[in-house]
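Data block for final.pdb (PDB, C-alpha atoms):
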```
ATOM      1  CA  MET A   1       0.000   0.000   0.000
ATOM      2  CA  ARG A   2       2.819   2.438   0.813
ATOM      3  CA  PRO A   3       4.479   2.224  -2.639
ATOM      4  CA  ARG A   4       1.161   3.094  -4.278
ATOM      5  CA  LEU A   5       0.665   6.100  -1.952
ATOM      6  CA  LEU A   6       4.220   7.250  -2.648
ATOM      7  CA  LEU A   7       3.567   6.955  -6.390
ATOM      8  CA  TRP A   8       0.388   9.087  -6.130
ATOM      9  CA  LEU A   9       2.136  11.730  -4.038
ATOM     10  CA  THR A  10       5.029  11.905  -6.499
ATOM     11  CA  LEU A  11       2.609  12.230  -9.394
ATOM     12  CA  ALA A  12       0.722  15.018  -7.603
ATOM     13  CA  VAL A  13       3.964  16.936  -6.971
ATOM     14  CA  VAL A  14       5.065  16.551 -10.602
ATOM     15  CA  LEU A  15       1.691  17.745 -11.923
ATOM     16  CA  ALA A  16       1.580  20.690  -9.516
ATOM     17  CA  SER A  17       5.108  21.667 -10.554
ATOM     18  CA  ALA A  18       4.238  21.443 -14.253
ATOM     19  CA  PHE A  19       1.124  23.565 -13.733
ATOM     20  CA  ALA A  20       3.085  26.201 -11.794
ATOM     21  CA  THR A  21       5.793  26.300 -14.482
ATOM     22  CA  SER A  22       3.259  26.731 -17.295
ATOM     23  CA  ASN A  23       1.633  29.632 -15.445
ATOM     24  CA  ARG A  24       4.941  31.488 -15.081
ATOM     25  CA  ALA A  25       4.762  32.513 -18.732
ATOM     26  CA  ALA A  26       1.479  34.347 -18.204
ATOM     27  CA  PRO A  27       3.022  37.641 -16.973
ATOM     28  CA  LEU A  28       4.952  37.919 -20.256
ATOM     29  CA  ALA A  29       1.665  38.467 -22.061
ATOM     30  CA  SER A  30       1.372  41.788 -20.247
ATOM     31  CA  ALA A  31       4.983  42.733 -21.000
ATOM     32  CA  PRO A  32       5.485  45.677 -23.347
ATOM     33  CA  THR A  33       5.892  44.909 -27.030
ATOM     34  CA  VAL A  34       8.982  47.131 -27.118
ATOM     35  CA  THR A  35      10.965  48.898 -24.466
ATOM     36  CA  VAL A  36      14.237  50.802 -24.253
ATOM     37  CA  LYS A  37      17.313  49.571 -22.425
ATOM     38  CA  SER A  38      20.928  50.623 -22.225
ATOM     39  CA  SER A  39      23.486  48.643 -24.206
ATOM     40  CA  ASP A  40      27.043  49.003 -25.499
ATOM     41  CA  TYR A  41      25.419  50.949 -28.372
ATOM     42  CA  GLY A  42      23.509  53.353 -26.154
ATOM     43  CA  ARG A  43      19.773  53.196 -25.549
ATOM     44  CA  ILE A  44      18.157  50.796 -28.021
ATOM     45  CA  LEU A  45      14.946  48.812 -28.512
ATOM     46  CA  PHE A  46      14.352  45.485 -26.803
ATOM     47  CA  ASP A  47      11.272  43.311 -26.646
ATOM     48  CA  GLY A  48       9.378  42.676 -23.406
ATOM     49  CA  ARG A  49      11.640  39.685 -22.659
ATOM     50  CA  ASN A  50      14.853  41.739 -22.868
ATOM     51  CA  ARG A  51      15.910  40.570 -26.338
ATOM     52  CA  ALA A  52      17.534  43.114 -28.650
ATOM     53  CA  LEU A  53      15.662  44.124 -31.791
ATOM     54  CA  TYR A  54      17.307  44.740 -35.161
ATOM     55  CA  ALA A  55      16.295  46.318 -38.464
ATOM     56  CA  PHE A  56      17.492  45.210 -41.902
ATOM     57  CA  THR A  57      18.650  47.948 -44.273
ATOM     58  CA  HIS A  58      17.539  45.857 -47.271
ATOM     59  CA  ASP A  59      13.872  46.107 -46.200
ATOM     60  CA  PRO A  60      11.911  48.877 -47.887
ATOM     61  CA  SER A  61       9.856  50.955 -45.463
ATOM     62  CA  GLY A  62       7.187  48.820 -43.836
ATOM     63  CA  LYS A  63       7.890  45.642 -45.846
ATOM     64  CA  ALA A  64       9.872  42.565 -44.786
ATOM     65  CA  THR A  65      12.234  40.909 -47.272
ATOM     66  CA  CYS A  66      13.937  38.424 -44.926
ATOM     67  CA  TYR A  67      12.636  34.884 -45.621
ATOM     68  CA  GLY A  68      14.052  31.346 -45.779
ATOM     69  CA  ALA A  69      17.650  31.062 -44.555
ATOM     70  CA  CYS A  70      17.607  34.755 -43.694
ATOM     71  CA  ALA A  71      14.624  34.320 -41.341
ATOM     72  CA  LYS A  72      16.320  31.348 -39.671
ATOM     73  CA  ALA A  73      19.320  33.516 -38.735
ATOM     74  CA  TRP A  74      17.225  36.655 -38.167
ATOM     75  CA  PRO A  75      13.780  35.563 -36.933
ATOM     76  CA  PRO A  76      11.083  38.186 -37.450
ATOM     77  CA  TYR A  77       9.390  39.631 -34.370
ATOM     78  CA  ILE A  78       5.916  38.146 -34.835
ATOM     79  CA  VAL A  79       3.140  39.742 -32.789
ATOM     80  CA  ARG A  80      -0.501  39.057 -32.064
ATOM     81  CA  GLY A  81      -3.002  41.292 -30.392
ATOM     82  CA  ALA A  82      -2.560  44.796 -29.050
ATOM     83  CA  LEU A  83       0.786  46.548 -29.288
ATOM     84  CA  ARG A  84       2.232  48.053 -26.107
ATOM     85  CA  ALA A  85       4.883  50.758 -26.000
ATOM     86  CA  GLY A  86       7.187  50.485 -23.002
ATOM     87  CA  MET A  87       9.071  53.265 -21.247
ATOM     88  CA  GLY A  88      11.039  55.383 -23.692
ATOM     89  CA  THR A  89       9.211  54.216 -26.830
ATOM     90  CA  SER A  90       6.456  55.806 -28.874
ATOM     91  CA  ARG A  91       3.150  53.995 -29.448
ATOM     92  CA  SER A  92       2.659  56.018 -32.640
ATOM     93  CA  LYS A  93       5.798  54.372 -34.107
ATOM     94  CA  LEU A  94       4.495  50.829 -33.516
ATOM     95  CA  ALA A  95       2.681  48.999 -36.305
ATOM     96  CA  LYS A  96       2.464  45.580 -37.968
ATOM     97  CA  THR A  97       3.259  44.428 -41.467
ATOM     98  CA  ARG A  98       1.864  41.274 -43.044
ATOM     99  CA  ARG A  99       4.399  38.618 -44.030
ATOM    100  CA  ARG A 100       3.879  36.291 -46.998
ATOM    101  CA  ASP A 101       2.650  33.538 -44.663
ATOM    102  CA  GLY A 102       0.009  35.865 -43.212
ATOM    103  CA  ARG A 103       1.677  36.377 -39.845
ATOM    104  CA  ARG A 104       2.129  39.929 -38.562
ATOM    105  CA  GLN A 105       5.614  41.306 -37.971
ATOM    106  CA  LEU A 106       6.184  44.262 -35.678
ATOM    107  CA  THR A 107       7.497  47.462 -37.215
ATOM    108  CA  TYR A 108       8.894  50.489 -35.430
ATOM    109  CA  ALA A 109       9.056  53.805 -37.297
ATOM    110  CA  GLY A 110       8.289  51.845 -40.478
ATOM    111  CA  LYS A 111      11.112  49.318 -40.036
ATOM    112  CA  PRO A 112      10.296  45.603 -39.641
ATOM    113  CA  LEU A 113      11.969  44.249 -36.496
ATOM    114  CA  TYR A 114      13.966  41.044 -36.107
ATOM    115  CA  TYR A 115      15.974  39.105 -33.547
ATOM    116  CA  TYR A 116      19.421  37.621 -34.026
ATOM    117  CA  VAL A 117      19.093  33.894 -33.403
ATOM    118  CA  HIS A 118      22.193  33.661 -31.145
ATOM    119  CA  ASP A 119      21.445  36.678 -28.925
ATOM    120  CA  GLY A 120      20.448  35.862 -25.371
ATOM    121  CA  GLN A 121      18.574  38.166 -23.046
ATOM    122  CA  GLY A 122      20.275  41.550 -22.906
ATOM    123  CA  GLN A 123      22.837  40.619 -25.588
ATOM    124  CA  VAL A 124      23.693  42.379 -28.843
ATOM    125  CA  LEU A 125      26.038  39.997 -30.668
ATOM    126  CA  CYS A 126      25.551  40.917 -34.308
ATOM    127  CA  GLN A 127      25.337  44.706 -34.637
ATOM    128  CA  ASN A 128      26.427  46.105 -38.004
ATOM    129  CA  ALA A 129      26.591  42.666 -39.629
ATOM    130  CA  ARG A 130      26.409  42.493 -43.425
ATOM    131  CA  GLU A 131      24.318  39.473 -44.402
ATOM    132  CA  PHE A 132      21.602  38.629 -46.941
ATOM    133  CA  GLY A 133      22.183  41.798 -48.979
ATOM    134  CA  GLY A 134      22.054  44.431 -46.263
ATOM    135  CA  LEU A 135      23.189  45.549 -42.824
ATOM    136  CA  TRP A 136      21.621  44.449 -39.550
ATOM    137  CA  LEU A 137      21.476  47.315 -37.096
ATOM    138  CA  VAL A 138      19.955  47.892 -33.668
ATOM    139  CA  VAL A 139      17.312  50.598 -33.381
ATOM    140  CA  ARG A 140      17.185  53.737 -31.253
ATOM    141  CA  PRO A 141      13.933  54.843 -29.563
ATOM    142  CA  SER A 142      13.692  57.590 -32.208
ATOM    143  CA  GLY A 143      13.534  54.897 -34.911
ATOM    144  CA  ARG A 144      16.984  55.745 -36.258
ATOM    145  CA  LEU A 145      19.391  52.891 -36.852
ATOM    146  CA  VAL A 146      22.686  52.689 -34.954
ATOM    147  CA  ARG A 147      25.548  52.811 -37.458
TER     148      ARG A 147
END
```

As structure tokens:
Amino acid sequence: MRPRLLLWLTLAVVLASAFATSNRAAPLASAPTVTVKSSDYGRILFDGRNRALYAFTHDPSGKATCYGACAKAWPPYIVRGALRAGMGTSRSKLAKTRRRDGRRQLTYAGKPLYYYVHDGQGQVLCQNAREFGGLWLVVRPSGRLVR
């Protein structure tokens, strides 16, 4: 009888832990879409999870051109729902552009925003990189690119 009770208690602890872990992500939904943080490049845009945001100089205003291998290295910042401007950003500069697959990519001051796949939280590892026919640059709160 004791082994069965121990098994049920262990299962209950595992399920409670899994439920608590899945609920930890909920506060991120209320995180700002973009915010401003200090970096080695001055004050630049980050998402609500503290990941640096980049713009691609090859993109025409408001349109994304990074697909395929490019989007694997530079994933687009896909958004759903309402856009939220964090401290230091302007809500009037936030918008969405439709990608070929129908998903919506965040734009700031008309520039589609991307991540660099190898950046961790708070990191900017690929500023001023020339890849896929253009430069990848972090973005200032004004919308200007850091050169």

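Our summary of the geometry notes that atom CA of Gln105 of chain A is positioned 26.0 Å from atom CA of Asp40 of chain A.
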
Find the spatial neighbours of Ala64 of chain A, counting only C-alpha atoms, within a cut-off of 9 Å - ignore same-chain residues fewer than 6 positions away - and output them as a PyMOL selection string.
chain A and resi 56+58+76+97-100+105+111-113

Which residues, named as in the file, does the PyMOL selection byres ((chain A and resi 33) around 8) pick out? Answer as a PyMOL selection string.
chain A and resi 31-32+34-35+47-48+83-86

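Nearest residue to Ala109 of chain A among A:Leu53, A:Ala82, A:Arg91, A:Arg43 is A:Arg91, counting only C-alpha atoms.
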
Using only C-alpha atoms, pick whichever of A:Ala52, A:Leu106, A:Ile78, A:Cys66 has the shortest atom-to-atom distance to Ser39 of chain A.
A:Ala52

For segment 128-145 of chain A: contacts at 7 Å, only C-alpha atoms, fewer than 2 positions along chain excluded, given as an mmCIF file with C-alpha atoms, in the frame of the given file:
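Heads up, here's the output in selection.cif:
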```
data_model
loop_
_atom_site.group_PDB
_atom_site.id
_atom_site.type_symbol
_atom_site.label_atom_id
_atom_site.label_comp_id
_atom_site.auth_asym_id
_atom_site.auth_seq_id
_atom_site.Cartn_x
_atom_site.Cartn_y
_atom_site.Cartn_z
ATOM 1 C CA VAL A 36 14.237 50.802 -24.253
ATOM 2 C CA ARG A 43 19.773 53.196 -25.549
ATOM 3 C CA ILE A 44 18.157 50.796 -28.021
ATOM 4 C CA LEU A 45 14.946 48.812 -28.512
ATOM 5 C CA LEU A 53 15.662 44.124 -31.791
ATOM 6 C CA TYR A 54 17.307 44.740 -35.161
ATOM 7 C CA ALA A 55 16.295 46.318 -38.464
ATOM 8 C CA PHE A 56 17.492 45.210 -41.902
ATOM 9 C CA THR A 57 18.650 47.948 -44.273
ATOM 10 C CA HIS A 58 17.539 45.857 -47.271
ATOM 11 C CA CYS A 70 17.607 34.755 -43.694
ATOM 12 C CA GLY A 88 11.039 55.383 -23.692
ATOM 13 C CA THR A 89 9.211 54.216 -26.830
ATOM 14 C CA TYR A 108 8.894 50.489 -35.430
ATOM 15 C CA ALA A 109 9.056 53.805 -37.297
ATOM 16 C CA CYS A 126 25.551 40.917 -34.308
ATOM 17 C CA ARG A 147 25.548 52.811 -37.458
#
```

Point-to-point distance in Å for atom CA of Gln123 of chain A and atom CA of Asp101 of chain A
28.7 Å

note - atom CA of Ala73 of chain A and atom CA of Ser38 of chain A are separated by 23.8 Å

Which polymer residues have any atom within 10 Å of an atom of Gly120 of chain A, counting only C-alpha atoms, with same-chain residues fewer than 3 positions away left out, as a PyMOL selection string?
chain A and resi 49-52+115-117+123-125

Mind rebuilding segment 85-110 of chain A with N, CA and C atoms and writing that out as a tab-separated table (two decimals), keeping the file's coordinate frame?
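And here's part_23.tsv as it stands now:
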```tsv
chain	number	residue	atom	x	y	z
A	85	ALA	N	3.63	50.01	-26.04
A	85	ALA	CA	4.88	50.76	-26.00
A	85	ALA	C	5.37	50.84	-24.56
A	86	GLY	N	6.59	50.40	-24.33
A	86	GLY	CA	7.19	50.48	-23.00
A	86	GLY	C	7.83	51.84	-22.78
A	87	MET	N	8.40	52.01	-21.60
A	87	MET	CA	9.07	53.26	-21.25
A	87	MET	C	10.10	53.63	-22.31
A	88	GLY	N	10.05	54.88	-22.75
A	88	GLY	CA	11.04	55.38	-23.69
A	88	GLY	C	10.71	55.15	-25.15
A	89	THR	N	9.59	54.46	-25.44
A	89	THR	CA	9.21	54.22	-26.83
A	89	THR	C	7.95	55.00	-27.15
A	90	SER	N	7.62	55.06	-28.42
A	90	SER	CA	6.46	55.81	-28.87
A	90	SER	C	5.42	54.86	-29.47
A	91	ARG	N	4.22	54.85	-28.93
A	91	ARG	CA	3.15	54.00	-29.45
A	91	ARG	C	2.84	54.34	-30.90
A	92	SER	N	2.97	55.61	-31.27
A	92	SER	CA	2.66	56.02	-32.64
A	92	SER	C	3.66	55.44	-33.65
A	93	LYS	N	4.81	54.96	-33.20
A	93	LYS	CA	5.80	54.37	-34.11
A	93	LYS	C	5.61	52.87	-34.26
A	94	LEU	N	4.73	52.27	-33.45
A	94	LEU	CA	4.50	50.83	-33.52
A	94	LEU	C	3.41	50.51	-34.55
A	95	ALA	N	3.67	49.48	-35.34
A	95	ALA	CA	2.68	49.00	-36.30
A	95	ALA	C	3.03	47.55	-36.64
A	96	LYS	N	2.23	46.95	-37.51
A	96	LYS	CA	2.46	45.58	-37.97
A	96	LYS	C	2.49	45.57	-39.48
A	97	THR	N	3.27	44.66	-40.03
A	97	THR	CA	3.26	44.43	-41.47
A	97	THR	C	2.95	42.96	-41.69
A	98	ARG	N	2.23	42.66	-42.76
A	98	ARG	CA	1.86	41.27	-43.04
A	98	ARG	C	2.99	40.60	-43.81
A	99	ARG	N	3.40	39.43	-43.34
A	99	ARG	CA	4.40	38.62	-44.03
A	99	ARG	C	3.69	37.73	-45.06
A	100	ARG	N	4.47	37.13	-45.95
A	100	ARG	CA	3.88	36.29	-47.00
A	100	ARG	C	3.05	35.14	-46.45
A	101	ASP	N	3.40	34.65	-45.25
A	101	ASP	CA	2.65	33.54	-44.66
A	101	ASP	C	1.42	34.01	-43.88
A	102	GLY	N	1.17	35.31	-43.89
A	102	GLY	CA	0.01	35.86	-43.21
A	102	GLY	C	0.26	36.32	-41.79
A	103	ARG	N	1.38	35.93	-41.20
A	103	ARG	CA	1.68	36.38	-39.84
A	103	ARG	C	2.00	37.87	-39.86
A	104	ARG	N	1.86	38.49	-38.70
A	104	ARG	CA	2.13	39.93	-38.56
A	104	ARG	C	3.47	40.15	-37.88
A	105	GLN	N	4.30	40.96	-38.51
A	105	GLN	CA	5.61	41.31	-37.97
A	105	GLN	C	5.56	42.73	-37.43
A	106	LEU	N	6.15	42.94	-36.28
A	106	LEU	CA	6.18	44.26	-35.68
A	106	LEU	C	7.10	45.19	-36.46
A	107	THR	N	6.65	46.42	-36.65
A	107	THR	CA	7.50	47.46	-37.22
A	107	THR	C	7.60	48.59	-36.20
A	108	TYR	N	8.70	49.31	-36.27
A	108	TYR	CA	8.89	50.49	-35.43
A	108	TYR	C	9.42	51.59	-36.35
A	109	ALA	N	8.71	52.70	-36.40
A	109	ALA	CA	9.06	53.80	-37.30
A	109	ALA	C	9.19	53.30	-38.74
A	110	GLY	N	8.31	52.36	-39.11
A	110	GLY	CA	8.29	51.84	-40.48
A	110	GLY	C	9.29	50.75	-40.78
```
